[in-house]
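Structure file run.csv with CSV, C-alpha atoms:
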chain,number,residue,atom,x,y,z
I,1166,MET,CA,18.8,91.8,247.5
I,1167,GLN,CA,20.6,95.1,246.9
I,1168,ASP,CA,19.9,98.8,247.0
I,1169,LEU,CA,18.4,100.4,243.9
I,1170,LEU,CA,20.2,103.2,242.0
I,1171,PRO,CA,18.8,106.6,242.8
I,1172,PHE,CA,15.9,107.6,240.5
I,1173,THR,CA,16.2,110.7,238.5
I,1174,GLU,CA,14.1,112.0,235.6
I,1175,LYS,CA,17.3,112.8,233.7
I,1176,THR,CA,18.2,109.1,233.3
I,1177,SER,CA,17.9,107.5,229.9
I,1178,GLY,CA,14.3,106.3,229.4
I,1179,ALA,CA,12.9,108.0,232.4
I,1180,VAL,CA,10.6,110.1,230.2
I,1181,ASN,CA,8.9,106.9,229.1
I,1182,LEU,CA,8.2,105.7,232.6
I,1183,THR,CA,4.7,104.1,232.7
I,1184,MET,CA,4.8,101.8,235.7
I,1185,VAL,CA,6.6,101.4,239.0
I,1186,ALA,CA,7.3,97.7,239.9
I,1187,ALA,CA,8.1,95.8,243.0
I,1188,ARG,CA,9.2,92.2,242.5
I,1189,PHE,CA,9.4,89.5,245.3
I,1190,ASN,CA,11.2,86.2,244.8
I,1191,ILE,CA,9.8,83.3,246.9
I,1192,PRO,CA,11.8,80.1,247.3
I,1193,ASN,CA,10.4,77.3,245.1
I,1194,GLU,CA,7.6,79.6,243.9
I,1195,PRO,CA,7.3,81.8,240.8
I,1196,PRO,CA,8.2,85.5,241.5
I,1197,VAL,CA,5.4,87.9,242.2
I,1198,THR,CA,5.5,91.4,240.7
I,1199,PHE,CA,3.3,94.3,241.8
I,1200,TYR,CA,2.8,97.2,239.4
I,1201,ARG,CA,1.5,100.6,240.0
I,1202,ILE,CA,0.6,102.8,237.0
I,1203,ALA,CA,2.8,105.9,236.9
I,1204,ASP,CA,0.8,109.1,237.2
I,1205,SER,CA,1.1,112.6,238.6
I,1206,LEU,CA,0.5,111.3,242.1
I,1207,LEU,CA,3.9,109.6,242.1
I,1208,GLN,CA,5.7,112.9,242.3
I,1209,MET,CA,5.3,115.3,245.2
I,1210,LYS,CA,3.2,118.3,244.2
I,1211,LYS,CA,4.6,121.7,244.1
I,1212,SER,CA,1.9,123.0,246.4
I,1213,ILE,CA,3.2,120.8,249.2
I,1214,VAL,CA,6.2,121.9,251.2
I,1215,GLY,CA,8.3,118.9,252.3
I,1216,LEU,CA,10.9,119.2,255.1
I,1217,VAL,CA,13.4,116.7,256.2
I,1218,ARG,CA,15.5,116.8,259.4
I,1219,VAL,CA,19.2,116.2,259.2
I,1220,GLY,CA,21.4,116.8,262.3
I,1221,GLY,CA,18.6,118.7,264.0
I,1222,VAL,CA,18.1,121.1,261.1
I,1223,TYR,CA,15.2,121.0,258.8
I,1224,GLY,CA,15.9,121.4,255.1
I,1225,LYS,CA,13.4,121.9,252.3
I,1226,LEU,CA,12.8,119.2,249.8
I,1227,GLU,CA,12.3,120.1,246.2
I,1228,SER,CA,9.2,118.4,244.7
I,1229,ALA,CA,11.1,117.2,241.7
I,1230,ASP,CA,13.5,115.3,244.0
I,1231,VAL,CA,10.8,113.3,245.8
I,1232,LEU,CA,9.1,110.2,244.3
I,1233,LEU,CA,6.1,109.1,246.3
I,1234,LEU,CA,5.5,105.3,246.5
I,1235,LYS,CA,2.1,104.1,247.8
I,1236,PRO,CA,1.7,100.6,249.3
I,1237,VAL,CA,-1.3,100.0,247.0
I,1238,PHE,CA,-0.7,98.5,243.5
I,1239,ASP,CA,-2.9,98.3,240.4
I,1240,VAL,CA,-1.7,95.0,238.9
I,1241,VAL,CA,-0.3,91.7,240.4
I,1242,VAL,CA,1.6,89.4,238.0
I,1243,ILE,CA,2.3,85.8,239.0
I,1244,GLY,CA,2.7,82.6,237.0
I,1245,GLY,CA,2.1,84.3,233.7
I,1246,PHE,CA,-1.2,85.9,234.7
I,1247,ALA,CA,-1.9,89.5,235.4
I,1248,PHE,CA,-4.7,90.5,237.9
I,1249,PHE,CA,-6.1,94.0,237.7
I,1250,THR,CA,-8.1,95.3,240.6
I,1251,LYS,CA,-10.0,97.8,238.4
I,1252,LYS,CA,-11.1,97.6,234.8
I,1253,PRO,CA,-10.4,101.3,234.0
I,1254,THR,CA,-6.8,100.8,235.1
I,1255,PHE,CA,-6.4,98.1,232.5
I,1256,GLU,CA,-8.0,100.2,229.8
I,1257,ARG,CA,-5.8,103.2,230.7
I,1258,ALA,CA,-2.5,101.2,230.9
I,1259,PHE,CA,-2.8,99.6,227.5
I,1260,GLY,CA,-4.6,102.3,225.5
I,1261,PHE,CA,-7.7,100.2,225.3
I,1262,LEU,CA,-10.1,103.2,225.3
I,1263,ALA,CA,-8.1,105.0,222.6
I,1264,GLU,CA,-8.4,102.0,220.3
I,1265,LEU,CA,-12.1,101.6,221.2
I,1266,GLU,CA,-12.7,105.2,220.3
I,1267,LYS,CA,-11.1,104.7,216.8
I,1268,GLN,CA,-13.1,101.6,216.2
I,1269,SER,CA,-16.3,103.2,217.4
I,1270,LEU,CA,-15.8,106.1,215.0
I,1271,ARG,CA,-15.2,103.7,212.0
I,1272,THR,CA,-18.4,101.8,212.9
I,1273,PHE,CA,-20.4,105.0,213.5
I,1274,GLU,CA,-19.4,106.4,210.1
I,1275,ALA,CA,-20.2,103.1,208.4
I,1276,VAL,CA,-23.6,102.5,209.9
I,1277,THR,CA,-24.8,106.2,209.6
I,1278,ASP,CA,-23.3,106.8,206.1
I,1279,LYS,CA,-26.6,107.2,204.4
I,1280,LEU,CA,-28.7,108.3,207.4
I,1281,GLU,CA,-30.0,111.8,208.1
I,1282,ILE,CA,-29.8,112.6,211.8
I,1283,GLU,CA,-30.5,115.9,213.4
I,1284,GLY,CA,-27.8,116.3,216.0
I,1285,MET,CA,-25.4,114.0,214.1
I,1286,GLU,CA,-22.3,115.6,215.5
I,1287,ASP,CA,-23.5,115.3,219.1
I,1288,LEU,CA,-24.4,111.7,218.5
I,1289,ARG,CA,-21.0,111.0,217.0
I,1290,ASN,CA,-19.2,112.6,220.0
I,1291,ALA,CA,-21.3,110.5,222.4
I,1292,CYS,CA,-20.7,107.3,220.5
I,1293,THR,CA,-16.9,107.8,220.5
I,1294,SER,CA,-16.4,109.0,224.1
I,1295,GLN,CA,-19.0,107.4,226.4
I,1296,PRO,CA,-18.1,103.8,227.3
I,1297,GLN,CA,-21.7,102.5,227.2
I,1298,MET,CA,-22.3,104.1,223.8
I,1299,MET,CA,-19.0,102.7,222.5
I,1300,ALA,CA,-20.0,99.3,223.7
I,1301,LYS,CA,-23.1,99.6,221.5
I,1302,MET,CA,-20.9,100.5,218.6
I,1303,ALA,CA,-18.9,97.3,219.3
I,1304,SER,CA,-22.1,95.3,219.2
I,1305,ILE,CA,-23.1,96.9,215.9
I,1306,LYS,CA,-19.7,96.1,214.4
I,1307,ARG,CA,-20.1,92.4,215.4
I,1308,SER,CA,-23.5,92.3,213.6
I,1309,MET,CA,-22.1,94.0,210.5
I,1310,ASP,CA,-19.1,91.6,210.4
I,1311,ALA,CA,-21.4,88.6,210.8
I,1312,ASP,CA,-23.9,89.7,208.2
I,1313,PRO,CA,-22.9,91.8,205.2
I,1314,ASP,CA,-26.5,92.8,204.6
I,1315,TYR,CA,-26.9,94.2,208.1
I,1316,ALA,CA,-25.7,97.7,207.3
I,1317,LYS,CA,-27.7,97.7,204.1
I,1318,ALA,CA,-30.9,97.3,206.1
I,1319,MET,CA,-30.2,100.5,208.1
I,1320,THR,CA,-31.8,102.9,205.6
I,1321,MET,CA,-33.9,106.0,206.4
I,1322,GLU,CA,-37.0,104.3,204.9
I,1323,ASN,CA,-36.6,101.2,207.0
I,1324,LEU,CA,-35.8,103.0,210.2
I,1325,ILE,CA,-38.6,105.6,209.9
I,1326,GLY,CA,-41.1,102.9,208.9
I,1327,TYR,CA,-40.2,101.0,212.0
I,1328,ILE,CA,-40.5,104.1,214.3
I,1329,GLU,CA,-43.9,105.0,212.9
I,1330,LYS,CA,-45.2,101.5,213.5
I,1331,HIS,CA,-43.6,101.2,217.0
I,1332,PRO,CA,-44.1,104.5,218.9
I,1333,HIS,CA,-42.7,103.0,222.1
I,1334,VAL,CA,-39.2,103.4,220.5
I,1335,LYS,CA,-39.6,107.1,221.3
I,1336,ILE,CA,-37.4,108.6,218.6
I,1337,GLU,CA,-38.6,111.9,217.2
I,1338,ILE,CA,-38.7,112.5,213.5
I,1339,SER,CA,-38.4,116.0,212.0
I,1340,GLY,CA,-39.2,117.3,208.5
I,1341,LYS,CA,-41.5,115.9,205.9
I,1342,GLY,CA,-41.3,113.5,203.0
I,1343,LYS,CA,-37.8,112.9,201.7
I,1344,ASN,CA,-36.5,115.6,204.1
I,1345,ARG,CA,-37.3,113.6,207.2
I,1346,LYS,CA,-34.6,113.1,209.8
I,1347,LEU,CA,-34.1,111.2,213.0
I,1348,VAL,CA,-33.6,113.5,216.0
I,1349,PHE,CA,-30.9,112.7,218.5
I,1350,ASP,CA,-32.1,113.5,222.0
I,1351,PRO,CA,-29.0,113.8,224.4
I,1352,LYS,CA,-31.1,113.6,227.6
I,1353,PRO,CA,-30.0,110.5,229.7
I,1354,THR,CA,-33.4,108.9,229.3
I,1355,HIS,CA,-33.4,109.0,225.5
I,1356,ARG,CA,-29.8,109.3,224.2
I,1357,PHE,CA,-29.5,105.5,223.6
I,1358,GLN,CA,-32.7,105.2,221.5
I,1359,ILE,CA,-31.1,105.7,218.1
I,1360,VAL,CA,-28.1,103.5,218.8
I,1361,LYS,CA,-30.4,100.8,220.2
I,1362,LEU,CA,-32.4,101.0,216.9
I,1363,LEU,CA,-29.1,100.7,214.9
I,1364,ASP,CA,-28.2,97.7,217.1
I,1365,ASP,CA,-31.5,96.0,216.3
I,1366,ASP,CA,-32.4,96.0,220.0
I,1367,PHE,CA,-36.2,96.2,219.6
I,1368,LEU,CA,-37.9,92.8,219.2
I,1369,ARG,CA,-41.5,91.5,218.9
I,1370,SER,CA,-42.5,88.3,220.6
I,1371,ALA,CA,-44.0,85.7,218.2
I,1372,LEU,CA,-45.8,84.2,221.2
I,1373,THR,CA,-47.4,87.2,222.9
I,1374,LYS,CA,-47.0,89.9,220.2
I,1375,ARG,CA,-45.5,92.2,222.8
I,1376,GLU,CA,-42.6,94.6,222.1
I,1377,TYR,CA,-39.3,94.2,224.0
I,1378,GLU,CA,-35.9,95.8,224.2
I,1379,ALA,CA,-33.3,93.0,224.0
I,1380,GLY,CA,-30.5,93.2,226.6
I,1381,SER,CA,-28.5,90.6,224.7
I,1382,LYS,CA,-29.0,88.8,221.4
I,1383,THR,CA,-28.0,85.4,220.0
I,1384,GLN,CA,-29.0,84.8,216.4
I,1385,ALA,CA,-31.1,81.6,216.0
I,1386,GLY,CA,-30.4,79.1,213.2
Please re-express this file's structure in structure tokens.
Amino acid sequence: MQDLLPFTEKTSGAVNLTMVAARFNIPNEPPVTFYRIADSLLQMKKSIVGLVRVGGVYGKLESADVLLLKPVFDVVVIGGFAFFTKKPTFERAFGFLAELEKQSLRTFEAVTDKLEIEGMEDLRNACTSQPQMMAKMASIKRSMDADPDYAKAMTMENLIGYIEKHPHVKIEISGKGKNRKLVFDPKPTHRFQIVKLLDDDFLRSALTKREYEAGSKTQAG
């Protein structure tokens, strides 16, 4: 309906710019707003030389004076609903991963408080940075919240006893007697084994007596 005011990074609030929005008003319909998450791609990079022709003469554009707008948007908002095209975009825009990392750390510290794990720091870093590992931490938290005795069952005695009776779990144990520790193996094929054990993912069929890894669990009763 009217021209926008020129954008400048010196305007009040520009330092807090997080999104660029384009809103379209449709007769007899709710307005539609398209958002793009503001990032470094929105500003012309210093490594690129931009020239503009005015009156037959090319003048150089300074990168700080050029704002790049792409015809692709991350979020569409209409009728009170927001549609995200990519899950990571949602997580980045609203700090979801940062909050998940904090919650994962709290859960990790709670469930491993009395455990001895060789490679504890590496396991902690994995459980608070890798999305799949953080998802396991969220699952463990749900179990701990639902059952106060859940965390109490995660003792060295119980875990080592289970591993020794079920070698298919493939978690190495180091040391002897009271000095035994679980060993965290960071290799892709084994790094989930300890968190799967802490998430109670290993089940035994009452019908066939076979051992399984549970992809999802719903408590009976």
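Among I:Val1237, I:Met1321, I:Pro1296, I:Ala1258, the residue with the shortest atom-to-atom distance to Gly1342 (chain I), counting only C-alpha atoms, is I:Met1321.
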Can you pull out every residue within 7 Å of region 1192-1199 of chain I, counting all atoms listed in the file, but drop anything in the same chain fewer than 6 positions away, and send it as an MDAnalysis selection string?
chainID I and resid 1186 1238 1240:1244
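Going from CA of Glu1329 (chain I) to CA of Pro1353 (chain I) covers 22.5 Å.
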One decimal, in Å: what's the spacing between CA of Ser1212 (chain I) and CA of Val1231 (chain I)?
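The value is 13.2 Å.
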Need to verify the contact set: Asn1290 (chain I), 12 Å, all atoms listed in the file, exclusion of same-chain residues closer than 2 positions in sequence. Can you return it as a PDB file with C-alpha atoms, keeping the file's coordinate frame?
ATOM      1  CA  GLU I1266     -12.700 105.200 220.300  1.00  0.00           C
ATOM      2  CA  LYS I1267     -11.100 104.700 216.800  1.00  0.00           C
ATOM      3  CA  SER I1269     -16.300 103.200 217.400  1.00  0.00           C
ATOM      4  CA  LEU I1270     -15.800 106.100 215.000  1.00  0.00           C
ATOM      5  CA  PHE I1273     -20.400 105.000 213.500  1.00  0.00           C
ATOM      6  CA  GLU I1274     -19.400 106.400 210.100  1.00  0.00           C
ATOM      7  CA  GLY I1284     -27.800 116.300 216.000  1.00  0.00           C
ATOM      8  CA  MET I1285     -25.400 114.000 214.100  1.00  0.00           C
ATOM      9  CA  GLU I1286     -22.300 115.600 215.500  1.00  0.00           C
ATOM     10  CA  ASP I1287     -23.500 115.300 219.100  1.00  0.00           C
ATOM     11  CA  LEU I1288     -24.400 111.700 218.500  1.00  0.00           C
ATOM     12  CA  CYS I1292     -20.700 107.300 220.500  1.00  0.00           C
ATOM     13  CA  THR I1293     -16.900 107.800 220.500  1.00  0.00           C
ATOM     14  CA  SER I1294     -16.400 109.000 224.100  1.00  0.00           C
ATOM     15  CA  GLN I1295     -19.000 107.400 226.400  1.00  0.00           C
ATOM     16  CA  PRO I1296     -18.100 103.800 227.300  1.00  0.00           C
ATOM     17  CA  MET I1298     -22.300 104.100 223.800  1.00  0.00           C
ATOM     18  CA  MET I1299     -19.000 102.700 222.500  1.00  0.00           C
ATOM     19  CA  PHE I1349     -30.900 112.700 218.500  1.00  0.00           C
ATOM     20  CA  PRO I1351     -29.000 113.800 224.400  1.00  0.00           C
ATOM     21  CA  ARG I1356     -29.800 109.300 224.200  1.00  0.00           C
TER      22      ARG I1356
END
Please compute the CA of Phe1259 (chain I)-CA of Arg1289 (chain I) distance, one decimal, in Å.
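Result for CA of Phe1259 (chain I) versus CA of Arg1289 (chain I): 23.9 Å, one decimal.
Between Thr1250 (chain I) and the candidates I:Phe1357, I:Glu1281, I:Ala1275, I:Arg1201, the tightest atom-to-atom separation, counting all atoms listed in the file, involves I:Arg1201.
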Spatial neighbours of Leu1216 (chain I), 6 Å, only C-alpha atoms, chain gap at least 4 places, as a compact mmCIF listing (two decimals) with C-alpha atoms, in the frame of the given file:
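Generated output (around23.txt):
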# COMPACT_ATOMS: atom_id res chain seq x y z
CA TYR I 1223 15.20 121.00 258.80
CA GLY I 1224 15.90 121.40 255.10
CA LYS I 1225 13.40 121.90 252.30
CA LEU I 1226 12.80 119.20 249.80
From the set I:Ser1339, I:Val1217, I:Ile1202, I:Val1348, which residue has the shortest atom-to-atom contact distance to Phe1255 (chain I), counting all atoms listed in the file?
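That would be I:Ile1202, the residue with the smallest distance to Phe1255 (chain I).
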Which of these residues is nearest to Gly1326 (chain I), using all atoms listed in the file: I:Lys1352, I:Arg1188, I:Leu1347, I:Asp1314?
I:Leu1347
Shortest interatomic distance to Ile1282 (chain I) - which of I:Arg1218, I:Tyr1200, I:Pro1236, I:Leu1324, counting only C-alpha atoms:
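Of I:Arg1218, I:Tyr1200, I:Pro1236, I:Leu1324, the one nearest Ile1282 (chain I), counting only C-alpha atoms, is I:Leu1324.
Residue nearest Asp1350 (chain I) within the list I:Lys1252, I:Lys1301, I:Lys1335, I:Lys1279: I:Lys1335 [criterion: smallest interatomic distance, all atoms listed in the file].
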